[in-house]
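Report on the following structure.
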Amino acid sequence: MPQSHAQIWLHIIFSTKDRRPFLEHTSFREEMFRMLSHHVKECKCISASVGGHIDHAHLLVGLSRTITIAQLVENVKTETSKWGKKAERGNPKFTWQSGYGAFSVSHSLRENLDQYIRNQAEHHARISYQDEYRRICEKHEIEIDERYVWD
C-alpha cells in the first residue's frame with residue numbers, strides 16, 4: 001500500500017512539579033491550556049481538547065504517525081514550561097512533573113473524554129488529582145508505584 005494511515009487517540013495527563021498550584025489563576029490556566037494546544041499542533045498532532053485544574057493538565061490528542069508519544073510530551077512540556085516562567089501570572093519556578101500518563105482512547109469515546117476534560121473544575125471539587133489518576137490507571141489496568149509517580 002503506497003499510503004500510510006493511522007488514527008490513534010490518546011488521553012495524556014501530567015501534573016505540575018510537586019502538584020504545586022501554578023495554574024491557580026484562571027486567566028493563566030486558560031492561556032496555558034491554549035499554549036498546550038498550540039504546541040500539540042506544532043508537533044503535527046490533533047489537539048482535540050485541553051483542560052485540567054490548578055495542578056495538572058489533561059490533553060485529548062490525535063497522535064501523528066510521525067512522532068512518538070515521548071517526543072510529543074517532551075516538546076509540549078518543555079515549550080509550555082518556558083512560557084509559564086515568563087508569562088503574566090506565571091511563575092519563574094513553573095515546571096511540569098517529569099513523568100506523564102498516556103492512555104489509549106477509543107474513537108467512539110472521544111466526546112465523552114472531551115466532556116470529562118472540560119468539566120475538570122467540577123470534577124475536582126469532589127476528588128483530588130492523585131485519586132483521579134489512580135482511578136484512571138486502575139481502569140486501564142496499570143499498576144503504579146506510589147513512591148515514584150508523584151514526583
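Ordered as shown in the C-alpha cells, chains take letters A, B, and onward, while each chain numbers its residues from 1 and ligands are numbered from 1 in the order shown.
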
Can you pull out every residue within 10 Å of region 31-44 of chain A, counting only C-alpha atoms, but drop anything in the same chain fewer than 5 positions away, and send it as a ChimeraX atom specification? /A:23,26,49-52,57-67,71-73,75-81,83-84,87-88,90

Could you give me, as a list in words, each residue of chain A that DSSP assigns to strand (DSSP E) when run on this structure's backbone?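 Restricting chain A to strand (DSSP E) produces Ile8, Trp9, Leu10, His11, Ile12, Ile13, Phe14, Ser15, Ile46, Ser47, Ala48, Ser49, Val50, Gly51, Gly52, His53, His56, Ala57, His58, Leu59, Leu60, Val61, Gly62, Leu63, Gly101, Ala102, Phe103, Ser104 and Val105 of chain A.
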
List every residue of region 68-142 of chain A that DSSP, applied to the backbone of this structure, assigns to alpha helix (DSSP H), and report them as a VMD selection string. chain A and resid 69 to 86 110 to 118 120 to 123 129 to 139

Generate a file of the selected residues that holds N, CA and C atoms, formatted as a compact mmCIF listing (two decimals), in the first residue's frame.
```txt
# COMPACT_ATOMS: atom_id res chain seq x y z
N ILE A 69 4.97 9.24 21.29
CA ILE A 69 4.32 9.84 22.45
C ILE A 69 5.34 10.60 23.29
N ALA A 70 6.48 9.97 23.53
CA ALA A 70 7.52 10.61 24.35
C ALA A 70 8.01 11.92 23.73
N GLN A 71 8.21 11.94 22.42
CA GLN A 71 8.65 13.17 21.75
C GLN A 71 7.59 14.26 21.88
N LEU A 72 6.34 13.89 21.67
CA LEU A 72 5.25 14.86 21.77
C LEU A 72 5.19 15.47 23.17
N VAL A 73 5.15 14.62 24.17
CA VAL A 73 5.02 15.11 25.55
C VAL A 73 6.23 15.94 25.94
N GLU A 74 7.42 15.49 25.59
CA GLU A 74 8.63 16.27 25.92
C GLU A 74 8.57 17.65 25.29
N ASN A 75 8.22 17.73 24.03
CA ASN A 75 8.17 19.02 23.35
C ASN A 75 7.12 19.94 23.97
N VAL A 76 5.94 19.42 24.19
CA VAL A 76 4.84 20.22 24.73
C VAL A 76 5.18 20.72 26.13
N LYS A 77 5.70 19.85 26.97
CA LYS A 77 6.03 20.26 28.34
C LYS A 77 7.20 21.24 28.37
N THR A 78 8.21 21.01 27.55
CA THR A 78 9.36 21.91 27.52
C THR A 78 8.95 23.31 27.09
N GLU A 79 8.23 23.40 25.98
CA GLU A 79 7.85 24.71 25.45
C GLU A 79 6.89 25.46 26.38
N THR A 80 5.94 24.75 26.96
CA THR A 80 5.00 25.44 27.85
C THR A 80 5.63 25.78 29.19
N SER A 81 6.62 25.02 29.63
CA SER A 81 7.35 25.39 30.86
C SER A 81 8.11 26.69 30.64
N LYS A 82 8.75 26.82 29.49
CA LYS A 82 9.46 28.07 29.18
C LYS A 82 8.48 29.24 29.21
N TRP A 83 7.34 29.05 28.56
CA TRP A 83 6.34 30.11 28.51
C TRP A 83 5.82 30.44 29.91
N GLY A 84 5.53 29.40 30.71
CA GLY A 84 4.97 29.58 32.03
C GLY A 84 5.87 30.32 33.00
N LYS A 85 7.16 30.28 32.77
CA LYS A 85 8.11 31.00 33.61
C LYS A 85 8.07 32.51 33.36
N LYS A 86 7.68 32.90 32.13
CA LYS A 86 7.76 34.31 31.73
C LYS A 86 6.41 34.98 31.58
N ARG A 110 -14.36 9.56 22.27
CA ARG A 110 -13.70 10.87 22.30
C ARG A 110 -14.60 11.96 22.89
N GLU A 111 -15.86 11.98 22.51
CA GLU A 111 -16.76 13.04 23.01
C GLU A 111 -16.93 12.94 24.52
N ASN A 112 -17.03 11.72 25.04
CA ASN A 112 -17.14 11.54 26.49
C ASN A 112 -15.90 12.09 27.20
N LEU A 113 -14.74 11.77 26.66
CA LEU A 113 -13.50 12.25 27.27
C LEU A 113 -13.39 13.77 27.14
N ASP A 114 -13.81 14.31 26.02
CA ASP A 114 -13.80 15.76 25.85
C ASP A 114 -14.63 16.43 26.95
N GLN A 115 -15.81 15.93 27.22
CA GLN A 115 -16.65 16.49 28.28
C GLN A 115 -16.00 16.34 29.65
N TYR A 116 -15.38 15.20 29.88
CA TYR A 116 -14.67 14.97 31.14
C TYR A 116 -13.56 16.01 31.33
N ILE A 117 -12.79 16.27 30.28
CA ILE A 117 -11.70 17.24 30.35
C ILE A 117 -12.25 18.64 30.57
N ARG A 118 -13.33 18.99 29.92
CA ARG A 118 -13.91 20.33 30.04
C ARG A 118 -14.56 20.57 31.41
N GLN A 120 -13.33 19.66 34.43
CA GLN A 120 -12.36 19.37 35.48
C GLN A 120 -12.60 20.15 36.77
N ALA A 121 -13.00 21.41 36.68
CA ALA A 121 -13.21 22.21 37.90
C ALA A 121 -14.29 21.56 38.76
N GLU A 122 -15.39 21.16 38.15
CA GLU A 122 -16.46 20.49 38.91
C GLU A 122 -15.98 19.15 39.45
N HIS A 123 -15.27 18.43 38.61
CA HIS A 123 -14.77 17.11 38.99
C HIS A 123 -13.86 17.21 40.22
N TYR A 129 -6.41 15.19 42.50
CA TYR A 129 -5.68 14.76 41.31
C TYR A 129 -5.13 13.35 41.50
N GLN A 130 -4.54 13.09 42.68
CA GLN A 130 -3.95 11.77 42.92
C GLN A 130 -5.01 10.67 42.83
N ASP A 131 -6.17 10.88 43.45
CA ASP A 131 -7.22 9.87 43.38
C ASP A 131 -7.75 9.71 41.96
N GLU A 132 -7.87 10.81 41.25
CA GLU A 132 -8.30 10.75 39.85
C GLU A 132 -7.31 9.91 39.04
N TYR A 133 -6.03 10.19 39.19
CA TYR A 133 -5.02 9.47 38.42
C TYR A 133 -4.99 7.99 38.79
N ARG A 134 -5.11 7.69 40.08
CA ARG A 134 -5.17 6.29 40.50
C ARG A 134 -6.33 5.56 39.80
N ARG A 135 -7.51 6.20 39.78
CA ARG A 135 -8.69 5.58 39.15
C ARG A 135 -8.48 5.35 37.66
N ILE A 136 -7.87 6.32 37.00
CA ILE A 136 -7.63 6.17 35.56
C ILE A 136 -6.67 5.00 35.32
N CYS A 137 -5.61 4.92 36.12
CA CYS A 137 -4.67 3.81 35.97
C CYS A 137 -5.34 2.47 36.25
N GLU A 138 -6.16 2.41 37.28
CA GLU A 138 -6.89 1.17 37.58
C GLU A 138 -7.78 0.77 36.42
N LYS A 139 -8.49 1.74 35.86
CA LYS A 139 -9.38 1.49 34.72
C LYS A 139 -8.61 0.90 33.54
```

Among listed residues A:His11, A:His107, A:Arg19, A:His5, nearest Val149 (chain A) (using only C-alpha atoms):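 Checking each candidate against Val149 (chain A), we get A:Arg19 as the closest.
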
For a quick check of understanding, using only C-alpha atoms, which of A:Ile46, A:Leu10, A:Ile142, A:Gln3 has the smallest distance to Ser106 (chain A)? A:Leu10

Have a look at A:Ile8, A:Glu141, A:Trp150, A:Pro2 and name the one nearest to Ser98 (chain A); count only C-alpha atoms. A:Trp150

Pairwise distance, CA of Ser15 (chain A) with CA of Thr68 (chain A), equals 20.1 Å
